[in-house]
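Asks: The structure follows.
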Amino acid sequence: MRRRLSRQFGDFIGSLSNIHITILVLCVLLSLIGLLAMFSASLNMEGSFLTRPIGRQGLWFLGCGLATAIIYFIQKKLIYDIAYVSYWIGIILLLIPYFISTSRAGTARWISFGFINFQPSELMKILVMLAIARYLAGTKQSILDFRTLVIPTLFALLPLIIVLKQPDLGTSIIYFGLLFPMLYWAGARLFHLFVIMAPVVSIITAFSFYTYFIWIVLMIGILYLTKEKLWVSITVMVLNLSLGFVTPVLWNGMKPYQQQRILTLFNIDSDPQGSGYQVLQSKIAIGSGGLLGKGIGKGTQTHLKFLPEQHTDFIFSVIGEEYGFIGVCIVLLLFLGFLLLCLYSAYRLKDRFCSLGMVGVASIISLHVLINVAMTVGLMPVTGLPLPFISYGGSFLLTCFILLGLAMNISADKQY
């Protein structure tokens, strides 16, 4: 069975009553940790409480809590029925910043409503997930047929292309990344998932001759082991070989700062005062926290302003410095608990749409956590992806709380 989980984990999690309440408690705890870290990061900022990040985030929490309550009480059938319509409305919202919104630093990501700025690409993560879930749940075609995977792949690719032009690489990664766990959960063949993913890997590895060579050798081995038809293997191989020539075009189409971030990943010391500065200071902050941390308000990297973007993309570094290794472990364990509860609920739900929805929620949150944490310790390029429930940002916080409302709504289903 594809949707297998460890039975030991299943027995433990199954002993928890009211899974939706447990999910809520975990997310509230994460939010409180985030507010505490944001309060510390805002201590030396000028202005009144409400003009600092901690004050604005507090106001956003009130609205986001209301959004969670609304989503929790919406009927699941209504969510299913409006999934496609909501998706296309989301596509329109993604296009609006190109025409009527003022760009910021060369980007077109926000729609402004007076003093409120809304980023539609954040909400689009949920709409993509729901559209994919509805298609996979409602299609009468066999999931083992590769043609069945074309539509959900296009659901992810269309907003990906639009958001890449904004440009916003981090968010576009989420659209494509959540596709694979949902297809796998629906029962798609691993070889078909490999065929969809291989072009992306081919383009990325082609930045270096050595990584591209290793990937080609690995791809030949995979195609040999899968024992697919010869013409299928040759087609996949030729396609991916040709995509290697696309990389220089993509590289030249990147913004200079995006190119520098990728180069910095492989040699962080090449520009310690420029593109490598954020990651270097982040690693120093996390490492200096030790076992128990320096204490709230006592982080030197944080309060002496060595660490940029400390209340947004690099809030995890503040936690590492002031809460230490223990604090970091607590945060990661809370996220792990959220993931396991979502997957366990998805495993037991009989409704296919609800089950896929829970996997989608878990995928979005997990991808954000994985990329953000890897970014702060220098294992991935800086992509601007915030940490769920913890980082500052109204649009992203709203997305997280809508996902929380969906998770609670679906997991509260008693039809197991």
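Naming scheme: A, B, ... for chains in displayed order of the structure tokens; residues 1 onward per chain; ligands 1 onward as shown.
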Pick out the residues sitting within 7 Å of range 68-84 of chain A, and hand them over as a list in words; count only C-alpha atoms, and ignore anything fewer than 6 positions along from it in its own chain.
Replies: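 Neighbouring residues, sequence-local ones excluded: Leu127, Leu130, Ala131, Arg134, Phe401, Ile402, Leu404, Gly405, Leu406, Met408 and Asn409 of chain A.
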Asks: Let's have the selection written as an mmCIF file, in the first residue's frame, with N, CA and C atoms.
Replies:
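Result went into out35.cif, see below:
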data_model
loop_
_atom_site.group_PDB
_atom_site.id
_atom_site.type_symbol
_atom_site.label_atom_id
_atom_site.label_comp_id
_atom_site.auth_asym_id
_atom_site.auth_seq_id
_atom_site.Cartn_x
_atom_site.Cartn_y
_atom_site.Cartn_z
ATOM 1 N N LEU A 127 -4.691 27.397 -3.243
ATOM 2 C CA LEU A 127 -5.592 27.177 -4.371
ATOM 3 C C LEU A 127 -5.039 26.126 -5.327
ATOM 4 N N LEU A 130 -5.665 22.720 -3.624
ATOM 5 C CA LEU A 130 -7.058 22.291 -3.676
ATOM 6 C C LEU A 130 -7.464 21.860 -5.085
ATOM 7 N N ALA A 131 -6.957 22.559 -6.108
ATOM 8 C CA ALA A 131 -7.281 22.186 -7.485
ATOM 9 C C ALA A 131 -6.708 20.814 -7.826
ATOM 10 N N ARG A 134 -8.746 18.156 -5.970
ATOM 11 C CA ARG A 134 -10.065 17.890 -6.577
ATOM 12 C C ARG A 134 -9.906 17.055 -7.846
ATOM 13 N N PHE A 401 -2.641 30.247 8.515
ATOM 14 C CA PHE A 401 -3.824 30.035 9.336
ATOM 15 C C PHE A 401 -4.993 29.487 8.527
ATOM 16 N N ILE A 402 -5.042 29.790 7.231
ATOM 17 C CA ILE A 402 -6.043 29.149 6.384
ATOM 18 C C ILE A 402 -5.722 27.658 6.257
ATOM 19 N N LEU A 404 -4.204 25.938 8.492
ATOM 20 C CA LEU A 404 -4.580 25.384 9.798
ATOM 21 C C LEU A 404 -6.079 25.115 9.839
ATOM 22 N N GLY A 405 -6.878 26.087 9.361
ATOM 23 C CA GLY A 405 -8.326 25.890 9.345
ATOM 24 C C GLY A 405 -8.727 24.704 8.485
ATOM 25 N N LEU A 406 -8.078 24.541 7.325
ATOM 26 C CA LEU A 406 -8.357 23.390 6.460
ATOM 27 C C LEU A 406 -7.995 22.083 7.147
ATOM 28 N N MET A 408 -7.792 21.453 10.350
ATOM 29 C CA MET A 408 -8.739 21.183 11.423
ATOM 30 C C MET A 408 -10.089 20.731 10.872
ATOM 31 N N ASN A 409 -10.539 21.397 9.823
ATOM 32 C CA ASN A 409 -11.816 21.054 9.206
ATOM 33 C C ASN A 409 -11.813 19.615 8.708
#
Asks: Neighbouring residues of Leu398 in chain A were defined as those with any atom within 10 Å, considering only C-alpha atoms; residues of the same chain fewer than 5 positions away were excluded. Please report them as a list in words.
Replies: Trp60, Phe61, Gly63, Cys64, Gly65, Leu66, Ala67, Thr68, Phe118, Glu122, Leu123, Phe389, Gly393, Leu403 and Leu404 of chain A
Asks: Tell me which of A:Gly337, A:Gly287, A:Gly177, A:Gly244 sits closest to Val25 in chain A, counting only C-alpha atoms.
Replies: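 Of all the options, A:Gly337 lies closest to Val25 in chain A.
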Asks: Could you please determine the separation between CA of Arg52 in chain A and CA of Met38 in chain A in Å, to one decimal place?
Replies: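 Answer for the CA of Arg52 in chain A to CA of Met38 in chain A separation: 9.6 Å.
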Asks: Show me, as a ChimeraX atom specification, the residues that have an atom within 8 Å of range 221-230 of chain A when counting only C-alpha atoms, minus same-chain residues fewer than 4 positions from it.
Replies: /A:191,217,234
Asks: Compile the contact shell of Gly295 in chain A as a VMD selection string: residues with an atom at most 9 Å away, counting only C-alpha atoms, same-chain residues fewer than 4 positions apart removed.
Replies: chain A and resid 289 299 321 to 324
Asks: With a distance cut-off of 8 Å and only C-alpha atoms, select the neighbouring residues of range 147-157 of chain A, excluding the residue or stretch itself and same-chain residues fewer than 6 positions from it, and output the selection as a list of chain:residue names.
Replies: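 Skipping anything fewer than 6 positions along the chain leaves A:Val128, A:Ala131, A:Ile132, A:Tyr135, A:Leu136, A:Gln141, A:Tyr175, A:Phe176, A:Leu179, A:Leu183.
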